[in-house]
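A.B. asks: What follows is target16.txt, made up of compact mmCIF, C-alpha atoms:
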```
# COMPACT_ATOMS: atom_id res chain seq x y z
CA MET T 28 0.00 0.00 0.00
CA THR T 29 1.20 3.52 -0.79
CA ARG T 30 1.24 5.69 2.30
CA PHE T 31 3.31 8.74 3.23
CA MET T 32 3.20 11.74 5.53
CA ILE T 33 3.72 15.36 4.55
CA ALA T 34 5.30 16.88 7.66
CA GLY T 35 7.07 20.18 8.14
CA THR T 36 9.82 22.03 9.93
CA ASN T 37 7.29 24.27 11.70
CA SER T 38 3.73 25.57 11.63
CA GLY T 39 3.19 27.79 8.61
CA CYS T 40 5.88 26.19 6.45
CA GLY T 41 3.34 25.21 3.77
CA LYS T 42 2.23 21.70 4.78
CA THR T 43 -1.45 22.23 3.96
CA THR T 44 -0.76 23.90 0.61
CA VAL T 45 1.67 21.15 -0.42
CA THR T 46 -0.66 18.40 0.81
CA CYS T 47 -3.65 19.82 -1.06
CA ALA T 48 -1.53 20.23 -4.20
CA ILE T 49 -0.51 16.56 -4.09
CA LEU T 50 -4.08 15.41 -3.31
CA SER T 51 -5.46 17.46 -6.20
CA ALA T 52 -2.87 16.17 -8.66
CA LEU T 53 -3.30 12.51 -7.69
CA LYS T 54 -7.09 12.83 -7.75
CA LYS T 55 -6.85 14.15 -11.31
CA ARG T 56 -4.77 11.07 -12.14
CA GLY T 57 -7.71 8.93 -11.05
CA LYS T 58 -6.10 7.53 -7.92
CA ASP T 59 -8.18 6.18 -5.02
CA ILE T 60 -6.94 8.58 -2.35
CA SER T 61 -7.58 8.96 1.35
CA ALA T 62 -6.36 11.83 3.48
CA PHE T 63 -5.59 12.17 7.18
CA LYS T 64 -4.53 14.93 9.55
CA CYS T 65 -2.35 14.47 12.61
CA GLY T 66 -3.82 15.92 15.80
CA PRO T 67 -7.21 17.45 16.63
CA ASP T 68 -7.36 19.96 13.76
CA TYR T 69 -10.76 20.47 12.08
CA ILE T 70 -9.92 22.94 9.34
CA ASP T 71 -7.15 21.29 7.32
CA PRO T 72 -9.32 18.17 6.72
CA MET T 73 -11.94 20.48 5.15
CA PHE T 74 -9.36 21.47 2.50
CA HIS T 75 -8.46 17.81 1.99
CA ARG T 76 -12.13 17.01 1.43
CA GLN T 77 -12.45 19.78 -1.16
CA ALA T 78 -9.39 18.42 -2.99
CA ILE T 79 -10.45 14.76 -3.15
CA GLY T 80 -14.22 14.89 -2.68
CA ILE T 81 -14.43 12.61 0.37
CA PRO T 82 -13.95 13.22 4.11
CA SER T 83 -10.49 13.42 5.60
CA HIS T 84 -9.87 11.82 9.00
CA ASN T 85 -7.86 12.65 12.10
CA LEU T 86 -5.06 10.62 13.67
CA ASP T 87 -4.46 11.63 17.27
CA CYS T 88 -2.08 9.90 19.71
CA PHE T 89 -3.65 11.60 22.72
CA PHE T 90 -7.17 10.42 21.99
CA CYS T 91 -6.22 6.97 20.71
CA ASN T 92 -3.87 4.22 21.82
CA ASP T 93 -1.56 2.70 19.22
CA LYS T 94 -3.99 -0.06 18.25
CA MET T 95 -6.93 2.31 17.76
CA LEU T 96 -4.77 4.76 15.82
CA LYS T 97 -3.76 2.02 13.38
CA THR T 98 -7.36 0.81 13.23
CA ILE T 99 -8.58 4.25 12.11
CA LEU T 100 -5.80 4.54 9.53
CA ARG T 101 -6.55 1.07 8.16
CA LYS T 102 -10.31 1.61 8.22
CA TYR T 103 -10.29 4.76 6.11
CA SER T 104 -7.26 4.15 3.87
CA GLY T 105 -7.49 4.10 0.10
CA GLU T 106 -5.09 2.94 -2.59
CA VAL T 107 -2.96 5.96 -1.71
CA SER T 108 -3.07 7.40 1.82
CA ILE T 109 -1.58 10.82 2.55
CA ILE T 110 -1.20 12.06 6.11
CA GLU T 111 -0.64 15.74 6.84
CA GLY T 112 1.46 16.40 9.91
CA VAL T 113 0.89 18.91 12.69
CA MET T 114 3.21 21.75 13.78
CA GLY T 115 6.89 20.87 13.30
CA PHE T 116 7.65 17.19 12.75
CA TYR T 117 9.08 16.63 16.23
CA ASP T 118 6.78 19.06 18.08
CA GLY T 119 3.99 17.89 20.39
CA GLY T 120 5.69 15.21 22.47
CA LYS T 121 3.76 11.94 22.40
CA SER T 122 1.19 13.51 20.06
CA SER T 123 3.75 14.62 17.47
CA SER T 124 3.80 13.78 13.78
CA TYR T 125 7.04 11.93 14.50
CA CYS T 126 5.28 9.61 16.98
CA ILE T 127 2.42 8.93 14.56
CA SER T 128 4.88 8.10 11.78
CA GLU T 129 6.67 5.67 14.09
CA ILE T 130 3.48 3.97 15.31
CA THR T 131 2.12 3.54 11.79
CA LYS T 132 5.52 2.94 10.15
CA THR T 133 4.78 5.66 7.58
CA PRO T 134 7.46 7.21 5.32
CA VAL T 135 7.77 10.97 5.85
CA ILE T 136 8.47 13.86 3.47
CA ILE T 137 9.51 17.05 5.26
CA VAL T 138 8.45 20.44 3.85
CA ILE T 139 11.00 23.21 4.32
CA ASP T 140 10.06 26.86 3.79
CA CYS T 141 13.12 28.02 1.85
CA LYS T 142 12.29 31.70 1.57
CA GLY T 143 15.50 33.66 2.10
CA MET T 144 17.73 30.54 2.31
CA SER T 145 20.22 28.75 0.12
CA ASN T 146 23.08 26.79 1.74
CA SER T 147 21.41 27.02 5.15
CA ILE T 148 18.77 24.62 3.80
CA GLY T 149 21.35 21.87 4.23
CA ALA T 150 21.72 22.61 7.92
CA VAL T 151 17.95 22.31 8.38
CA MET T 152 17.87 19.02 6.46
CA LYS T 153 20.76 17.52 8.42
CA GLY T 154 19.20 18.63 11.70
CA PHE T 155 15.91 16.89 10.96
CA LEU T 156 17.61 13.76 9.66
CA ASP T 157 19.89 13.43 12.69
CA TYR T 158 17.83 14.86 15.55
CA CYS T 159 16.11 11.62 16.47
CA LYS T 160 17.06 8.20 15.14
CA PRO T 161 15.59 5.99 13.94
CA ASN T 162 13.07 8.02 11.96
CA ASN T 163 11.06 7.46 8.81
CA ILE T 164 12.17 10.57 6.92
CA ALA T 165 12.36 9.60 3.24
CA GLY T 166 13.20 13.02 1.86
CA PHE T 167 12.22 16.68 1.44
CA ILE T 168 10.03 19.10 -0.48
CA PHE T 169 11.40 22.63 -0.80
CA ASN T 170 8.63 25.23 -0.53
CA ARG T 171 9.08 28.72 -1.97
CA LEU T 172 12.42 27.66 -3.45
CA SER T 173 13.93 29.84 -6.15
CA GLU T 174 14.44 27.91 -9.41
CA ARG T 175 18.12 28.88 -9.44
CA VAL T 176 18.57 27.07 -6.09
CA ILE T 177 16.97 23.78 -7.24
CA PRO T 178 20.32 22.26 -8.38
CA LEU T 179 21.79 23.07 -4.96
CA ALA T 180 18.83 21.43 -3.16
CA LYS T 181 19.26 18.28 -5.27
CA LYS T 182 23.01 18.23 -4.55
CA MET T 183 22.43 18.56 -0.80
CA CYS T 184 19.93 15.67 -0.89
CA ARG T 185 22.51 13.45 -2.61
CA GLU T 186 25.22 14.39 -0.11
CA LEU T 187 22.97 13.72 2.88
CA GLY T 188 21.74 10.40 1.49
CA THR T 189 18.10 11.45 1.27
CA LYS T 190 15.63 12.03 -1.57
CA TYR T 191 14.60 15.16 -3.43
CA PHE T 192 10.79 15.01 -3.81
CA GLY T 193 10.51 18.32 -5.57
CA SER T 194 10.08 21.99 -4.94
CA PHE T 195 7.09 24.28 -4.79
CA PRO T 196 7.35 27.79 -6.22
CA LYS T 197 6.15 30.93 -4.58
CA SER T 198 2.47 31.19 -5.51
CA ASP T 199 -0.29 33.78 -5.31
CA ILE T 200 -2.63 31.05 -4.02
CA ILE T 201 -2.88 31.88 -0.33
CA PHE T 202 -5.35 30.48 2.19
CA GLU T 203 -6.05 33.22 4.71
CA SER T 204 -5.93 32.71 8.48
CA ARG T 205 -7.92 33.82 11.49
CA GLN T 206 -7.60 33.18 15.22
CA LEU T 207 -8.28 29.43 15.10
CA GLY T 208 -6.15 28.80 12.01
CA LEU T 209 -7.03 28.92 8.32
CA VAL T 210 -10.41 30.16 7.20
CA THR T 211 -12.63 27.20 6.37
CA SER T 212 -12.58 25.87 2.82
CA ASP T 213 -16.20 26.90 2.20
CA GLU T 214 -15.19 30.52 2.82
CA VAL T 215 -12.43 30.54 0.18
CA GLU T 216 -13.52 32.15 -3.07
CA ASN T 217 -13.08 29.89 -6.11
CA ILE T 218 -11.68 27.12 -3.92
CA MET T 219 -11.87 24.40 -6.61
CA GLU T 220 -10.13 26.61 -9.16
CA LYS T 221 -7.33 27.25 -6.68
CA LEU T 222 -7.00 23.56 -5.81
CA ASP T 223 -6.84 22.68 -9.51
CA LYS T 224 -4.05 25.23 -9.95
CA LEU T 225 -2.16 23.76 -7.00
CA GLY T 226 -2.51 20.32 -8.58
CA GLU T 227 -1.00 21.63 -11.82
CA LEU T 228 1.94 23.06 -9.89
CA ALA T 229 2.43 19.72 -8.12
CA GLU T 230 2.56 17.89 -11.47
CA LYS T 231 5.12 20.36 -12.75
CA TYR T 232 7.42 20.72 -9.77
CA MET T 233 7.03 17.61 -7.58
CA CYS T 234 8.21 14.02 -8.02
CA LEU T 235 4.77 12.44 -7.74
CA ASP T 236 5.75 9.09 -9.24
CA MET T 237 8.50 8.77 -6.67
CA MET T 238 5.99 9.54 -3.91
CA LEU T 239 3.71 6.80 -5.22
CA GLY T 240 6.62 4.41 -4.80
CA LEU T 241 6.68 4.99 -1.03
CA LYS T 242 5.22 1.71 0.19
CA ALA T 243 4.22 1.07 3.79
CA ASP T 244 3.37 -2.09 5.68
CA GLU T 245 -0.22 -3.27 5.83
CA LEU T 246 -1.95 -2.53 9.14
CA ASN T 247 -3.43 -5.78 10.37
CA ASP T 248 -4.70 -4.93 13.86
CA ASP T 249 -8.18 -6.29 14.62
CA MET T 250 -11.02 -3.83 14.17
CA PRO T 251 -13.10 -3.13 17.31
CA LEU T 252 -16.51 -4.80 17.22
CA ILE T 253 -19.22 -2.16 16.76
CA LYS T 254 -22.72 -3.31 17.65
CA THR T 255 -25.58 -1.97 15.55
CA ALA T 256 -28.53 -0.50 17.44
CA TYR T 257 -31.70 -2.59 17.35
CA ASN T 258 -33.48 0.35 15.79
CA SER T 259 -32.23 3.43 13.95
CA PRO T 260 -32.36 6.65 15.96
CA LEU T 261 -32.24 9.82 13.89
CA ILE T 262 -29.58 12.31 14.99
CA ALA T 263 -29.92 15.94 13.90
CA VAL T 264 -26.43 17.38 13.34
CA ALA T 265 -25.81 21.10 12.87
CA LYS T 266 -23.80 21.80 9.73
CA ASP T 267 -23.22 25.20 8.13
CA ASN T 268 -20.60 27.95 8.21
CA ALA T 269 -21.26 28.60 11.90
CA PHE T 270 -21.13 24.92 12.90
CA CYS T 271 -18.47 23.10 10.90
CA PHE T 272 -16.02 21.60 13.41
CA GLN T 273 -17.04 17.95 13.42
CA TYR T 274 -14.81 14.89 13.33
CA ALA T 275 -15.80 12.74 10.36
CA GLU T 276 -15.01 9.66 12.45
CA ASN T 277 -17.58 10.66 15.08
CA ILE T 278 -20.34 10.74 12.49
CA SER T 279 -19.25 7.56 10.70
CA LEU T 280 -19.10 5.73 14.05
CA LEU T 281 -22.69 6.78 14.83
CA GLU T 282 -23.74 5.58 11.38
CA GLU T 283 -21.94 2.29 11.95
CA MET T 284 -23.94 1.94 15.16
CA GLY T 285 -27.12 2.22 13.12
CA CYS T 286 -27.92 5.91 13.51
CA ARG T 287 -29.43 7.96 10.71
CA ILE T 288 -27.87 11.40 10.34
CA GLN T 289 -29.84 14.44 9.23
CA TYR T 290 -27.89 17.65 8.80
CA PHE T 291 -29.54 21.01 9.33
CA SER T 292 -28.50 24.66 9.41
CA PRO T 293 -29.15 26.81 12.50
CA ILE T 294 -28.49 29.79 10.21
CA ASP T 295 -30.82 29.03 7.30
CA ASP T 296 -33.44 26.46 8.39
CA ASN T 297 -36.60 27.49 10.20
CA ARG T 298 -36.60 24.82 12.87
CA LEU T 299 -34.91 21.70 14.14
CA PRO T 300 -35.92 18.57 12.19
CA GLU T 301 -37.83 15.82 13.98
CA ALA T 302 -35.12 13.75 15.63
CA ASP T 303 -34.19 11.48 18.52
CA GLY T 304 -30.95 13.27 19.35
CA LEU T 305 -29.07 16.49 18.64
CA ILE T 306 -25.42 17.39 18.02
CA LEU T 307 -24.38 21.05 18.00
CA CYS T 308 -20.70 20.93 17.06
CA GLY T 309 -18.05 23.62 17.21
CA GLY T 310 -17.36 26.29 14.66
CA TYR T 311 -17.63 30.06 14.39
CA PRO T 312 -21.00 31.13 15.87
CA GLU T 313 -19.39 34.43 16.89
CA ILE T 314 -18.86 35.32 13.22
CA TYR T 315 -22.45 34.49 12.23
CA VAL T 316 -24.03 35.58 15.50
CA LYS T 317 -26.38 38.14 13.90
CA LYS T 318 -27.89 35.58 11.51
CA LEU T 319 -28.15 32.99 14.27
CA SER T 320 -29.84 35.47 16.59
CA LEU T 321 -32.32 36.67 13.95
CA ASN T 322 -33.43 33.06 13.32
CA ILE T 323 -35.80 33.15 16.28
CA SER T 324 -37.85 30.11 15.25
CA MET T 325 -34.71 27.95 15.15
CA ARG T 326 -33.50 29.22 18.51
CA GLU T 327 -36.85 28.44 20.10
CA SER T 328 -37.05 25.06 18.38
CA ILE T 329 -33.67 24.00 19.73
CA LYS T 330 -34.40 25.35 23.19
CA ASN T 331 -37.68 23.43 23.36
CA ALA T 332 -36.00 20.23 22.16
CA VAL T 333 -33.20 20.42 24.72
CA LEU T 334 -35.55 21.29 27.57
CA SER T 335 -37.84 18.42 26.56
CA GLY T 336 -34.97 16.03 27.28
CA MET T 337 -33.73 15.33 23.76
CA PRO T 338 -30.22 13.86 24.18
CA THR T 339 -27.92 16.70 23.17
CA ILE T 340 -24.19 17.11 22.68
CA ALA T 341 -23.22 20.79 22.40
CA GLU T 342 -19.49 21.36 22.26
CA CYS T 343 -17.60 24.65 22.06
CA GLY T 344 -19.49 26.68 19.39
CA GLY T 345 -22.62 24.61 20.05
CA PHE T 346 -22.25 25.31 23.76
CA MET T 347 -21.96 29.02 22.99
CA TYR T 348 -25.19 28.87 20.96
CA LEU T 349 -27.12 27.43 23.93
CA HIS T 350 -26.33 30.47 26.09
CA ARG T 351 -28.73 33.28 26.90
CA GLU T 352 -26.59 35.76 24.98
CA LEU T 353 -23.35 36.12 23.04
CA THR T 354 -21.18 39.23 22.83
CA ASP T 355 -19.38 39.69 19.53
CA GLU T 356 -15.88 41.11 19.11
CA ASN T 357 -17.31 44.64 18.78
CA GLY T 358 -19.11 44.43 22.11
CA LYS T 359 -22.61 44.01 20.68
CA ILE T 360 -24.83 41.53 22.54
CA TYR T 361 -27.11 39.09 20.71
CA PRO T 362 -29.78 36.76 22.16
CA MET T 363 -29.03 33.05 21.72
CA ALA T 364 -31.03 29.89 22.45
CA GLY T 365 -31.36 30.55 26.17
CA VAL T 366 -30.91 27.00 27.47
CA ILE T 367 -27.98 28.04 29.65
CA ASP T 368 -28.60 31.15 31.74
CA ALA T 369 -25.20 32.73 31.12
CA SER T 370 -23.26 34.91 28.68
CA VAL T 371 -20.35 34.21 26.34
CA PHE T 372 -17.84 36.95 25.63
CA PRO T 373 -14.59 37.45 23.67
CA THR T 374 -11.14 37.33 25.23
CA LYS T 375 -7.74 38.24 23.84
CA LYS T 376 -6.10 34.80 24.10
CA LEU T 377 -6.86 31.11 23.88
CA GLN T 378 -8.68 29.83 26.94
CA ARG T 379 -7.64 26.51 28.55
CA PHE T 380 -6.07 25.54 25.23
CA GLY T 381 -4.96 21.97 24.67
CA TYR T 382 -5.57 18.41 25.74
CA ALA T 383 -6.99 17.36 29.11
CA GLU T 384 -8.74 14.49 30.83
CA MET T 385 -11.95 15.29 32.63
CA VAL T 386 -13.52 13.28 35.45
CA ALA T 387 -17.30 13.24 35.84
CA SER T 388 -18.80 14.61 39.06
CA ILE T 389 -22.21 13.04 38.40
CA ASP T 390 -23.85 10.38 36.24
CA ASN T 391 -24.65 12.05 32.92
CA LEU T 392 -25.48 11.62 29.24
CA LEU T 393 -22.00 10.36 28.32
CA CYS T 394 -20.64 8.51 31.33
CA ARG T 395 -21.01 7.68 35.01
CA ASN T 396 -19.75 9.53 38.06
CA GLY T 397 -15.97 9.13 38.39
CA GLU T 398 -15.37 8.04 34.80
CA THR T 399 -12.84 9.85 32.61
CA ILE T 400 -13.18 11.38 29.14
CA LYS T 401 -10.29 12.75 27.05
CA ILE T 402 -10.96 16.18 25.56
CA HIS T 403 -9.44 19.08 23.66
CA GLU T 404 -10.17 22.82 23.99
CA PHE T 405 -9.49 25.53 21.40
CA HIS T 406 -11.42 28.79 21.79
CA TYR T 407 -11.05 32.52 22.41
CA TRP T 408 -14.57 33.15 23.70
CA ASP T 409 -15.39 32.28 27.33
CA SER T 410 -18.51 31.90 29.46
CA THR T 411 -19.74 33.38 32.71
CA SER T 412 -20.78 29.79 33.57
CA CYS T 413 -18.63 27.00 32.12
CA GLY T 414 -20.40 24.41 34.28
CA ASN T 415 -19.20 22.00 36.96
CA GLY T 416 -20.21 18.55 35.71
CA PHE T 417 -16.57 17.57 35.14
CA THR T 418 -13.17 18.42 36.61
CA ALA T 419 -10.62 18.72 33.80
CA LYS T 420 -6.97 17.98 34.50
CA LYS T 421 -4.09 19.01 32.23
CA ASN T 422 -0.60 17.52 32.01
CA ASP T 423 0.88 20.53 33.82
CA GLY T 424 -1.19 19.68 36.90
CA SER T 425 -3.72 22.48 36.51
CA GLU T 426 -7.40 21.73 37.04
CA TYR T 427 -10.66 23.48 36.23
CA LEU T 428 -14.40 22.82 36.33
CA CYS T 429 -16.31 22.54 33.08
CA CYS T 430 -19.51 21.41 31.34
CA HIS T 431 -23.21 21.58 32.08
CA MET T 432 -24.43 18.02 32.46
CA ASN T 433 -27.52 16.02 33.14
CA ASP T 434 -28.97 12.70 32.00
CA ALA T 435 -29.77 14.15 28.55
CA LEU T 436 -27.23 16.97 28.06
CA TYR T 437 -23.53 17.50 27.47
CA ALA T 438 -22.78 21.20 26.99
CA GLY T 439 -19.29 22.63 27.34
CA PHE T 440 -16.24 24.03 25.59
CA PRO T 441 -14.34 20.69 25.47
CA HIS T 442 -14.40 18.83 22.16
CA LEU T 443 -15.10 15.08 22.19
CA TYR T 444 -13.57 12.32 20.06
CA PHE T 445 -15.70 9.17 20.16
CA TYR T 446 -12.90 6.77 19.24
CA SER T 447 -11.07 7.74 22.43
CA ASN T 448 -13.82 5.87 24.27
CA ILE T 449 -16.46 4.18 22.14
CA ASP T 450 -18.67 3.79 25.23
CA ILE T 451 -19.37 7.54 25.00
CA ALA T 452 -21.02 7.05 21.63
CA LYS T 453 -22.83 3.88 22.78
CA ARG T 454 -24.32 5.67 25.78
CA PHE T 455 -25.42 8.63 23.65
CA VAL T 456 -27.05 6.33 21.08
CA SER T 457 -28.88 4.34 23.75
CA LYS T 458 -30.26 7.56 25.27
CA CYS T 459 -31.46 8.65 21.81
CA ILE T 460 -33.24 5.31 21.36
CA ILE T 461 -34.99 5.70 24.72
CA TYR T 462 -35.99 9.30 23.93
CA GLY T 463 -37.30 8.26 20.51
CA GLY T 464 -39.35 5.48 22.06
CA LYS T 465 -40.98 7.87 24.52
CA ASN T 466 -41.78 10.39 21.82
CA GLY T 467 -42.49 8.03 18.92
```
Before anything else, please render the file you have as structure tokens.
C.D. replies:
Amino acid sequence: MTRFMIAGTNSGCGKTTVTCAILSALKKRGKDISAFKCGPDYIDPMFHRQAIGIPSHNLDCFFCNDKMLKTILRKYSGEVSIIEGVMGFYDGGKSSSYCISEITKTPVIIVIDCKGMSNSIGAVMKGFLDYCKPNNIAGFIFNRLSERVIPLAKKMCRELGTKYFGSFPKSDIIFESRQLGLVTSDEVENIMEKLDKLGELAEKYMCLDMMLGLKADELNDDMPLIKTAYNSPLIAVAKDNAFCFQYAENISLLEEMGCRIQYFSPIDDNRLPEADGLILCGGYPEIYVKKLSLNISMRESIKNAVLSGMPTIAECGGFMYLHRELTDENGKIYPMAGVIDASVFPTKKLQRFGYAEMVASIDNLLCRNGETIKIHEFHYWDSTSCGNGFTAKKNDGSEYLCCHMNDALYAGFPHLYFYSNIDIAKRFVSKCIIYGGKNG
């Protein structure tokens, strides 16, 4: 099987652009491609999906043990599997791209941003090759490399005993950023035209045939047994520009358990569809707060459903939506759904950013008192009432209370990943079945 990772020297070196260029080019060749992203990132997989037309999936060493990580990679792999790294190749400790490449035995191509460099490129290459051995580094791609320096880059690869996988010229195709990373792919004007152009550049400047020769071992770990529900609960899942941070694996796992998924837009639809459960995922409600607030019938529909006991997962942006009010970055206050009697407001820095494990204080929708759930937080807005259903503990020893919980509700800033503990999904599905039976 062909499998390789596009990693980088640092964040912002061009990993996503290079990855999307390769995906676009190989898709045009008619290859059966799958894409993956290291870590908990939501946005880069959206660009992958635009390039190849199918969902991209996350590989996360914090959420998953080695066996589950390999299971996810095997489960969603195509003829050619391309993994985009996170941060710099060695950054992130046990959750680094390096660790994922070692666990999955995946060859790695390192992207170097060469702007303003010539001979110093060799020092960067040698540093990455020698920093930690053994490693799976197969070679390098030289981003923003001047054409006159290409012969030098090839010479340095030969001298260091590694492979030249091509260069990537400076391009006017730029994906803009905001606080939480790149803008989402749906917000990029003429996204398909830009991806096609990137694919053309990849064909011209990169050694794609050599990449296709990077073979990796088959992953033969046993798949976990997923039991199908005895009936098919319908889960309403928010999906639009305001609510777009959803792990594809979470949804596919629910479907594998027998759930039917119906997407809806809290921005554009008039009311929540008839359903047995509700997922309000993360996203950018603060950017679309005026439209969300003006959709009064939707706000009331969701409030009534949650208060009626419909099993509901509302994480980060979804949690913000359930508040009484939301203050935008200009200080203007907008009414929200009103399930949680509190306000959300902007701050100037990331709040409680990163991984944590949270321990339940009470029996709730997702687990029992004392049980642990792994989570990730990534948000600038905060709440006057983050909840106290869990105590979250970070690796640095810090602790904080979080989440509003009851037998039918999970509402909090922490993001959930179902494959970290499949029992979370099972418990949610069973609650949806019970609710559907009562209201059927």
A.B. asks: What is the atom CA of Ser51 of chain T to atom CA of Tyr191 of chain T distance in Å?
C.D. replies: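 Here the two named atoms are 20.4 Å from each other.
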A.B. asks: Which one is closest to Ala387 of chain T: T:Lys160, T:Lys401, T:Lys54, T:Lys97? Count only C-alpha atoms.
C.D. replies: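 With only C-alpha atoms as the atom set, the closest residue is T:Lys401.
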A.B. asks: Between atom CA of Met32 of chain T and atom CA of Tyr103 of chain T, what distance in Å does the model show, to one decimal?
C.D. replies: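 About the pair atom CA of Met32 of chain T and atom CA of Tyr103 of chain T: they are 15.2 Å apart.
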A.B. asks: Interatomic distance between atom CA of Leu307 of chain T and atom CA of Lys359 of chain T?
C.D. replies: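 Between atom CA of Leu307 of chain T and atom CA of Lys359 of chain T the gap is 23.2 Å.
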A.B. asks: Fewer than 5 positions away in the same chain doesn't count, so skip those; otherwise give me all residues within 9 Å of Phe63 of chain T, counting only C-alpha atoms, as a PyMOL selection string.
C.D. replies: chain T and resi 32+72+75+82-86+100+103-104+108-112
A.B. asks: Given the selection you just returned, output its residues as a file containing C-alpha atoms, formatted as a PDB file, in the frame of the given file.
C.D. replies:
```pdb
ATOM      1  CA  MET T  32       3.200  11.740   5.530  1.00  0.00           C
ATOM      2  CA  PRO T  72      -9.320  18.170   6.720  1.00  0.00           C
ATOM      3  CA  HIS T  75      -8.460  17.810   1.990  1.00  0.00           C
ATOM      4  CA  PRO T  82     -13.950  13.220   4.110  1.00  0.00           C
ATOM      5  CA  SER T  83     -10.490  13.420   5.600  1.00  0.00           C
ATOM      6  CA  HIS T  84      -9.870  11.820   9.000  1.00  0.00           C
ATOM      7  CA  ASN T  85      -7.860  12.650  12.100  1.00  0.00           C
ATOM      8  CA  LEU T  86      -5.060  10.620  13.670  1.00  0.00           C
ATOM      9  CA  LEU T 100      -5.800   4.540   9.530  1.00  0.00           C
ATOM     10  CA  TYR T 103     -10.290   4.760   6.110  1.00  0.00           C
ATOM     11  CA  SER T 104      -7.260   4.150   3.870  1.00  0.00           C
ATOM     12  CA  SER T 108      -3.070   7.400   1.820  1.00  0.00           C
ATOM     13  CA  ILE T 109      -1.580  10.820   2.550  1.00  0.00           C
ATOM     14  CA  ILE T 110      -1.200  12.060   6.110  1.00  0.00           C
ATOM     15  CA  GLU T 111      -0.640  15.740   6.840  1.00  0.00           C
ATOM     16  CA  GLY T 112       1.460  16.400   9.910  1.00  0.00           C
TER      17      GLY T 112
END
```
A.B. asks: Please provide as a VMD selection string all residues within 6 Å of segment 136-150 of chain T, with the sequence filter that same-chain residues fewer than 3 positions apart are discarded (counting only C-alpha atoms).
C.D. replies: chain T and resid 33 to 36 40 153 165 to 172
A.B. asks: I need the residue nearest Phe380 of chain T from this list: T:Val456, T:Ala275, T:Cys343, T:Ala438. Use only C-alpha atoms for the distance.
C.D. replies: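 Closest to Phe380 of chain T, using only C-alpha atoms: T:Cys343.
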A.B. asks: Write out as a ChimeraX atom specification the residues lying within 10 Å of Val113 of chain T, counting all atoms listed in the file and excluding same-chain residues fewer than 6 positions away.
C.D. replies: /T:33-38,42-43,64-68,71,119,122-125
A.B. asks: Given only C-alpha atoms as the basis, pick out the residue of T:Leu96, T:Leu321, T:Leu241, T:Val386 nearest to Gly416 of chain T.
C.D. replies: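 Residue with the minimum atom-to-atom distance to Gly416 of chain T: T:Val386.
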